[in-house]
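K.L.:
Please find data_33.csv (CSV, C-alpha atoms) on the next line:
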```
chain,number,residue,atom,x,y,z
A,1,MET,CA,129.8,107.7,100.1
A,2,SER,CA,127.5,104.7,99.8
A,3,LEU,CA,126.1,102.5,97.0
A,4,VAL,CA,122.6,102.2,95.9
A,5,LYS,CA,121.4,99.1,93.9
A,6,ILE,CA,118.6,99.3,91.3
A,7,GLN,CA,117.2,96.1,90.1
A,8,ILE,CA,114.8,95.9,87.2
A,9,PHE,CA,112.5,92.9,86.9
A,10,HIS,CA,109.9,91.8,84.3
A,11,GLU,CA,106.9,90.0,85.7
A,12,ASN,CA,103.8,88.5,84.4
A,13,GLN,CA,100.9,86.4,85.7
A,14,ASP,CA,100.6,84.1,82.8
A,15,ALA,CA,98.0,81.4,83.7
A,16,GLY,CA,98.1,82.6,87.3
A,17,SER,CA,101.7,81.7,88.1
A,18,ARG,CA,103.6,84.8,88.7
A,19,VAL,CA,107.0,84.8,87.0
A,20,ARG,CA,109.6,87.5,87.9
A,21,THR,CA,112.8,87.8,85.8
A,22,LEU,CA,115.7,90.0,86.7
A,23,VAL,CA,116.7,91.9,83.6
A,24,LYS,CA,119.1,94.5,84.9
A,25,THR,CA,121.1,95.4,88.1
A,26,GLN,CA,123.0,98.7,88.4
A,27,ARG,CA,124.8,100.3,91.2
A,28,PHE,CA,125.2,104.0,91.8
A,29,GLU,CA,127.2,106.0,94.2
A,30,ARG,CA,125.4,108.5,96.4
A,31,ASP,CA,126.7,111.5,98.2
A,32,SER,CA,125.4,110.6,101.6
A,33,ASP,CA,125.9,107.7,104.1
A,34,LYS,CA,122.5,108.5,105.7
A,35,LYS,CA,119.7,105.9,105.4
A,36,LEU,CA,118.0,105.9,102.0
A,37,THR,CA,114.5,107.5,102.0
A,38,ALA,CA,111.5,106.8,99.7
A,39,LYS,CA,111.9,110.2,98.0
A,40,GLN,CA,115.7,109.8,97.5
A,41,ALA,CA,115.1,106.3,96.1
A,42,GLY,CA,112.5,107.7,93.7
A,43,ARG,CA,114.9,110.5,92.6
A,44,ILE,CA,117.8,108.2,91.9
A,45,LEU,CA,115.5,105.8,89.9
A,46,VAL,CA,114.1,108.6,87.8
A,47,ASN,CA,117.5,110.1,87.1
A,48,ASN,CA,118.9,106.8,85.9
A,49,PHE,CA,115.8,105.1,84.4
A,50,PRO,CA,113.7,107.8,82.8
A,51,ALA,CA,111.0,105.3,81.8
A,52,PHE,CA,110.1,105.4,85.5
A,53,ASP,CA,109.7,109.2,85.5
A,54,THR,CA,106.2,109.3,86.9
A,55,SER,CA,104.5,111.3,89.6
A,56,SER,CA,104.5,108.2,91.8
A,57,SER,CA,108.3,107.8,91.5
A,58,ARG,CA,108.9,111.5,92.1
A,59,ASN,CA,106.7,111.4,95.2
A,60,GLY,CA,108.6,108.5,96.7
A,61,LEU,CA,108.7,104.8,96.2
A,62,ILE,CA,106.8,102.3,98.3
A,63,LYS,CA,108.9,100.7,101.1
A,64,THR,CA,108.9,96.9,101.0
A,65,ASP,CA,111.0,94.2,102.6
A,66,GLU,CA,113.1,94.0,99.3
A,67,GLY,CA,113.7,97.7,99.1
A,68,PHE,CA,111.8,100.7,97.7
A,69,TYR,CA,109.4,99.6,95.0
A,70,THR,CA,107.5,100.9,92.0
A,71,SER,CA,106.1,99.3,88.8
A,72,ARG,CA,104.8,100.2,85.4
A,73,THR,CA,102.9,98.5,82.6
A,74,PHE,CA,105.5,97.3,80.1
A,75,GLU,CA,104.2,95.5,77.1
A,76,PRO,CA,101.3,93.1,76.3
A,77,LEU,CA,101.8,89.4,76.3
A,78,ALA,CA,102.0,87.9,72.9
A,79,LYS,CA,98.9,85.7,73.5
A,80,CYS,CA,96.5,88.4,74.7
A,81,GLU,CA,96.1,92.1,74.1
A,82,TYR,CA,94.9,92.9,77.7
A,83,GLN,CA,97.4,91.0,79.7
A,84,TYR,CA,100.7,92.8,80.2
A,85,ILE,CA,104.3,92.2,81.4
A,86,TRP,CA,105.0,94.6,84.2
A,87,GLU,CA,108.4,96.3,84.8
A,88,ILE,CA,109.3,96.5,88.4
A,89,ALA,CA,112.1,98.6,89.9
A,90,ILE,CA,113.5,97.8,93.4
A,91,VAL,CA,115.9,100.4,94.8
A,92,SER,CA,117.9,99.4,97.9
A,93,GLU,CA,121.1,100.3,99.8
A,94,ASP,CA,123.9,98.0,98.6
A,95,VAL,CA,125.5,96.7,101.7
B,1,MET,CA,84.9,97.0,79.0
B,2,LEU,CA,86.9,94.2,80.5
B,3,ILE,CA,84.4,93.9,83.4
B,4,ASP,CA,81.6,93.2,81.0
B,5,GLU,CA,83.7,90.7,79.2
B,6,PHE,CA,84.5,88.8,82.4
B,7,LEU,CA,81.3,89.1,84.3
B,8,ALA,CA,78.3,90.4,82.5
B,9,GLU,CA,75.7,88.7,84.8
B,10,TYR,CA,75.9,89.2,88.5
B,11,ASP,CA,73.8,89.2,91.7
B,12,PHE,CA,75.4,92.1,93.7
B,13,GLU,CA,77.1,95.3,92.7
B,14,GLU,CA,78.8,98.2,94.2
B,15,LYS,CA,80.1,101.3,92.4
B,16,HIS,CA,82.0,104.5,93.5
B,17,SER,CA,83.7,107.2,91.6
B,18,ILE,CA,85.8,110.4,92.1
B,19,ALA,CA,87.0,113.2,89.9
B,20,ILE,CA,90.7,113.7,89.8
B,21,HIS,CA,92.5,116.7,88.4
B,22,ALA,CA,95.1,114.9,86.3
B,23,ASP,CA,95.3,113.2,83.0
B,24,ALA,CA,94.2,109.5,82.6
B,25,ALA,CA,97.8,108.2,82.2
B,26,THR,CA,98.8,109.9,85.5
B,27,VAL,CA,95.7,108.5,87.3
B,28,TYR,CA,96.3,105.0,85.9
B,29,GLU,CA,99.9,105.1,87.0
B,30,ALA,CA,98.9,106.4,90.5
B,31,ALA,CA,96.3,103.6,90.8
B,32,GLN,CA,98.9,101.0,90.2
B,33,ASN,CA,101.4,102.4,92.6
B,34,ALA,CA,99.3,103.9,95.4
B,35,ASN,CA,99.9,102.3,98.7
B,36,PHE,CA,96.5,101.8,100.1
B,37,GLY,CA,98.0,100.9,103.5
B,38,GLU,CA,98.6,104.6,103.9
B,39,SER,CA,94.9,105.0,105.0
B,40,TRP,CA,94.4,103.9,108.6
B,41,ILE,CA,90.8,103.0,107.8
B,42,VAL,CA,91.9,100.6,105.0
B,43,ARG,CA,94.7,99.3,107.3
B,44,MET,CA,92.3,98.7,110.2
B,45,LEU,CA,89.6,97.0,108.1
B,46,LEU,CA,91.9,94.7,106.2
B,47,THR,CA,93.7,93.7,109.4
B,48,LEU,CA,90.3,92.8,110.9
B,49,ARG,CA,89.7,90.7,107.7
B,50,GLY,CA,93.1,88.9,108.3
B,51,MET,CA,94.8,90.6,105.4
B,52,SER,CA,98.2,92.4,105.4
B,53,ALA,CA,98.1,96.1,104.5
B,54,ASP,CA,101.9,96.5,104.2
B,55,ALA,CA,102.9,97.9,100.8
B,56,LEU,CA,99.4,97.3,99.6
B,57,THR,CA,99.2,98.1,95.9
B,58,LEU,CA,96.8,96.7,93.3
B,59,ARG,CA,99.7,94.7,91.8
B,60,ASN,CA,100.8,93.4,95.2
B,61,LEU,CA,97.3,92.2,95.8
B,62,SER,CA,97.9,89.6,93.2
B,63,TYR,CA,100.5,87.9,95.4
B,64,SER,CA,97.4,86.7,97.2
B,65,LYS,CA,94.5,85.0,95.4
B,66,PHE,CA,93.4,88.3,93.9
B,67,ARG,CA,94.4,88.1,90.2
B,68,ILE,CA,94.7,90.9,87.7
B,69,LEU,CA,92.5,89.5,84.9
B,70,GLY,CA,93.4,92.2,82.5
B,71,GLU,CA,94.3,95.8,81.9
B,72,ARG,CA,94.0,98.4,79.2
B,73,PRO,CA,96.5,101.1,80.2
B,74,ALA,CA,95.0,104.5,81.1
B,75,SER,CA,91.6,103.0,80.7
B,76,GLU,CA,90.8,100.0,82.9
B,77,LEU,CA,92.3,97.5,85.3
B,78,LEU,CA,90.4,94.4,86.3
B,79,ILE,CA,90.9,92.1,89.3
B,80,GLY,CA,89.1,88.8,89.9
B,81,LEU,CA,88.7,86.4,92.7
B,82,ALA,CA,86.6,83.4,93.6
B,83,GLY,CA,85.8,81.8,97.0
B,84,LYS,CA,83.4,81.6,99.8
B,85,PHE,CA,83.7,85.2,100.9
B,86,TRP,CA,81.3,84.8,103.7
B,87,THR,CA,83.5,82.3,105.6
B,88,PRO,CA,86.3,83.6,107.9
B,89,TRP,CA,89.2,82.8,105.5
B,90,GLY,CA,87.3,83.1,102.3
B,91,ASP,CA,88.4,79.7,100.9
B,92,LEU,CA,89.8,81.7,97.9
B,93,GLN,CA,90.3,79.6,94.8
B,94,ASP,CA,93.1,79.7,92.1
B,95,VAL,CA,91.5,81.7,89.4
B,96,ASN,CA,93.2,83.6,86.6
B,97,ALA,CA,92.5,85.2,83.3
B,98,ASP,CA,92.4,81.9,81.6
B,99,ASN,CA,90.0,80.0,83.8
B,100,PHE,CA,87.9,82.8,85.5
B,101,LYS,CA,85.0,82.8,83.0
B,102,ALA,CA,84.6,79.0,83.2
B,103,PHE,CA,84.8,78.8,87.0
B,104,ASP,CA,81.4,77.6,88.2
B,105,LYS,CA,82.0,75.5,91.3
B,106,SER,CA,78.8,75.0,93.2
B,107,GLY,CA,78.8,76.6,96.7
B,108,TYR,CA,81.2,79.4,95.6
B,109,ALA,CA,80.9,83.0,94.4
B,110,LYS,CA,83.2,84.9,92.0
B,111,ALA,CA,83.8,88.6,92.0
B,112,VAL,CA,85.4,91.1,89.6
B,113,TRP,CA,86.6,94.5,90.7
B,114,ASN,CA,87.7,97.1,88.3
B,115,PHE,CA,89.2,100.6,88.2
B,116,SER,CA,88.2,102.5,85.1
B,117,LEU,CA,88.9,105.9,83.8
B,118,ASP,CA,86.9,108.4,81.8
B,119,ARG,CA,87.4,111.9,80.7
B,120,ASP,CA,85.3,114.4,82.8
B,121,GLY,CA,85.9,117.9,81.5
B,122,GLU,CA,89.4,118.9,82.6
B,123,ASN,CA,89.4,116.0,85.1
B,124,THR,CA,89.6,112.3,84.9
B,125,ARG,CA,86.8,110.3,86.5
B,126,LEU,CA,88.0,107.3,88.3
B,127,THR,CA,85.4,104.7,88.9
B,128,THR,CA,85.6,101.4,90.8
B,129,GLU,CA,83.0,98.8,90.4
B,130,THR,CA,82.6,95.4,92.1
B,131,ARG,CA,80.3,92.7,90.8
B,132,ILE,CA,79.6,89.4,92.5
B,133,GLN,CA,78.1,86.4,90.9
B,134,CYS,CA,76.9,83.6,93.2
B,135,LEU,CA,77.2,80.2,91.7
B,136,ASP,CA,74.2,78.5,93.3
B,137,LYS,CA,71.2,79.2,95.5
B,138,GLY,CA,73.0,78.4,98.7
B,139,SER,CA,76.0,80.7,98.0
B,140,ARG,CA,73.5,83.5,97.0
B,141,LYS,CA,71.8,83.2,100.3
B,142,SER,CA,75.0,83.1,102.3
B,143,PHE,CA,76.6,85.9,100.4
B,144,GLY,CA,73.4,88.0,100.7
B,145,PHE,CA,73.4,87.7,104.4
B,146,TYR,CA,77.2,88.5,104.6
B,147,TRP,CA,76.8,91.4,102.3
B,148,THR,CA,74.2,93.1,104.5
B,149,PHE,CA,76.8,93.6,107.1
B,150,VAL,CA,80.0,94.0,105.0
B,151,GLN,CA,78.8,96.3,102.3
B,152,PRO,CA,79.2,99.5,104.3
B,153,PHE,CA,82.8,98.6,105.1
B,154,SER,CA,83.5,97.4,101.6
B,155,GLY,CA,82.3,100.8,100.3
B,156,LEU,CA,84.4,102.6,102.9
B,157,ILE,CA,87.5,100.8,101.7
B,158,ARG,CA,86.8,101.5,98.1
B,159,MET,CA,86.2,105.2,98.8
B,160,GLU,CA,89.4,105.4,100.7
B,161,MET,CA,91.3,103.7,97.9
B,162,LEU,CA,89.9,106.3,95.4
B,163,LYS,CA,91.0,109.1,97.7
B,164,THR,CA,94.5,107.6,98.0
B,165,ILE,CA,94.8,107.4,94.2
B,166,LYS,CA,93.5,111.0,93.9
B,167,ARG,CA,96.1,112.3,96.4
B,168,ARG,CA,98.9,110.5,94.6
B,169,ALA,CA,97.8,111.6,91.1
B,170,GLU,CA,97.3,115.2,92.1
B,171,SER,CA,100.5,115.6,94.1
B,172,ILE,CA,102.9,116.2,91.2
```
Please re-express this file's structure in structure tokens.
P.N.:
Amino acid sequence: MSLVKIQIFHENQDAGSRVRTLVKTQRFERDSDKKLTAKQAGRILVNNFPAFDTSSSRNGLIKTDEGFYTSRTFEPLAKCEYQYIWEIAIVSEDV
Amino acid sequence: MLIDEFLAEYDFEEKHSIAIHADAATVYEAAQNANFGESWIVRMLLTLRGMSADALTLRNLSYSKFRILGERPASELLIGLAGKFWTPWGDLQDVNADNFKAFDKSGYAKAVWNFSLDRDGENTRLTTETRIQCLDKGSRKSFGFYWTFVQPFSGLIRMEMLKTIKRRAESI
């Protein structure tokens, strides 16, 4: 048994400065001690955060230094209808 | 379209498109999360330009001086940048959605680059267009010379990006 950590961030580029805010961290047990793969990370994310149930998540998240990554358009900024807050999910092994 | 709103007048343009067998929402989501570094051609060409191709998504591009100027989900995403693209490091400037239209520094050029989606029968047509506006005569001459050599590779990168998005969107 090992633990997987999912962090959800909100991020926007208001006036060019990128601001990332952690909105949620959850840990889940997984059945295996083997190294987490992009596909497994995607499956765990989709099962626990259905808002990220997209073809990209199901096909495997992107490996980054922080963990496995995906993002989605969340909601528009109050000041402008074409600038959006992004919701970002990072899935990593919790060591 | 956002691209017209941000840069209606321009000196150079490049446009490519591809038909994708998926709905617009799926294609848009795939465009945001496709890792363009998966393509060895993109990886090689960006490395030659001194850019990292690790976890290269449209959103991650904005960690550099490329900025997402705006988006209309499932319709269009627009990136902007300004600099001296013909110099080795590009001298990229801090532009964003608020100051891009007003940026008019002599000796520089500014560029917009979009991904837009249209219905095409049962498919979605994904188009990417790049527009460059040079901000004075000197920059127009320098960019024109640079563009003669770079345009074929720029086109190759964009076509590879479209193919990466198509693969991702169609592999459900």
K.L.:
Quick one, how far is CA of Glu14 in chain B from CA of Leu58 in chain B?
P.N.:
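So the two atoms, CA of Glu14 in chain B and CA of Leu58 in chain B, lie 18.1 Å apart.
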K.L.:
Show me a table, sorted first by chain and then by increasing residue number, of the residues of range 44-121 of chain B having an atom at most 10 Å from range 61-66 of chain A, each with its shortest atom pair and the distance in Å to one decimal, counting only C-alpha atoms and written as CSV.
P.N.:
```
residue,atom,partner,partner_atom,distance
B:Asp54,CA,A:Thr64,CA,7.7
B:Ala55,CA,A:Thr64,CA,6.1
B:Leu56,CA,A:Ile62,CA,9.0
B:Thr57,CA,A:Ile62,CA,9.0
```
K.L.:
Restrict the distance test to all atoms listed in the file, flag each residue of chain A within 7 Å of chain B, and return the flagged residues as a PyMOL selection string.
P.N.:
chain A and resi 15-16+55-56+62-64+70-71+82-83
K.L.:
Just give me the gap between CA of Gln13 in chain A and CA of Ile85 in chain A in Å, one decimal is fine.
P.N.:
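About the pair CA of Gln13 in chain A and CA of Ile85 in chain A: they are 8.0 Å apart.
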K.L.:
Rank nothing, just name the residue among A:Leu36, A:Val46, A:Ile8, A:Met1 nearest to Ser92 in chain A, using all atoms listed in the file.
P.N.:
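Looking at the shortest contact to Ser92 in chain A, the residue is A:Leu36.
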K.L.:
Taking only C-alpha atoms into account, which of B:Arg125, B:Lys110, B:Arg43, B:Lys105 comes nearest Leu162 in chain B?
P.N.:
B:Arg125
K.L.:
Of the residues A:Val95, A:Ala38, A:Ala78, A:Leu45, which is the one nearest to Gln7 in chain A, using only C-alpha atoms?
P.N.:
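Going through A:Val95, A:Ala38, A:Ala78, A:Leu45 one by one, the smallest distance to Gln7 in chain A is for A:Leu45.
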K.L.:
Would you work out the distance separating CA of Asn60 in chain B from CA of Gln40 in chain A, expressed in Å to one decimal?
P.N.:
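Spanning CA of Asn60 in chain B to CA of Gln40 in chain A is a straight-line distance of 22.3 Å.
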K.L.:
At a cut-off of 12 Å, using only C-alpha atoms, what residues contact Val23 in chain A? Leave out same-chain residues fewer than 6 positions from it and give the result as a list of chain:residue names.
P.N.:
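My reading of the contact set: A:Ile6, A:Gln7, A:Ile8, A:Phe9, A:His10, A:Glu11, A:Glu87, A:Ile88, A:Ala89, A:Ile90.
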K.L.:
Using all atoms listed in the file, which residues sit within 7 Å of Arg30 in chain A once same-chain residues fewer than 5 positions away are excluded, as a short mmCIF file (atom, residue, chain, number, x, y, z; two decimals) with C-alpha atoms, keeping the file's coordinate frame?
P.N.:
```cif
data_model
loop_
_atom_site.label_atom_id
_atom_site.label_comp_id
_atom_site.auth_asym_id
_atom_site.auth_seq_id
_atom_site.Cartn_x
_atom_site.Cartn_y
_atom_site.Cartn_z
CA MET A 1 129.80 107.70 100.10
CA SER A 2 127.50 104.70 99.80
CA LEU A 3 126.10 102.50 97.00
CA VAL A 4 122.60 102.20 95.90
#
```
K.L.:
Nearest residue to Ile18 in chain B out of B:Ile41, B:Ile132, B:Ala109, B:Leu126, using all atoms listed in the file?
P.N.:
B:Leu126
K.L.:
Which is closest to Pro152 in chain B among B:Cys134, B:Leu45, B:Ile3, B:Ala19, if we use all atoms listed in the file?
P.N.:
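The shortest atom-to-atom distance to Pro152 in chain B comes from B:Leu45.
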K.L.:
Between A:Val91, A:Phe74, A:Thr21, A:Trp86, single out the one closest to Arg43 in chain A, counting all atoms listed in the file.
P.N.:
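Result for the nearest residue to Arg43 in chain A: A:Val91.
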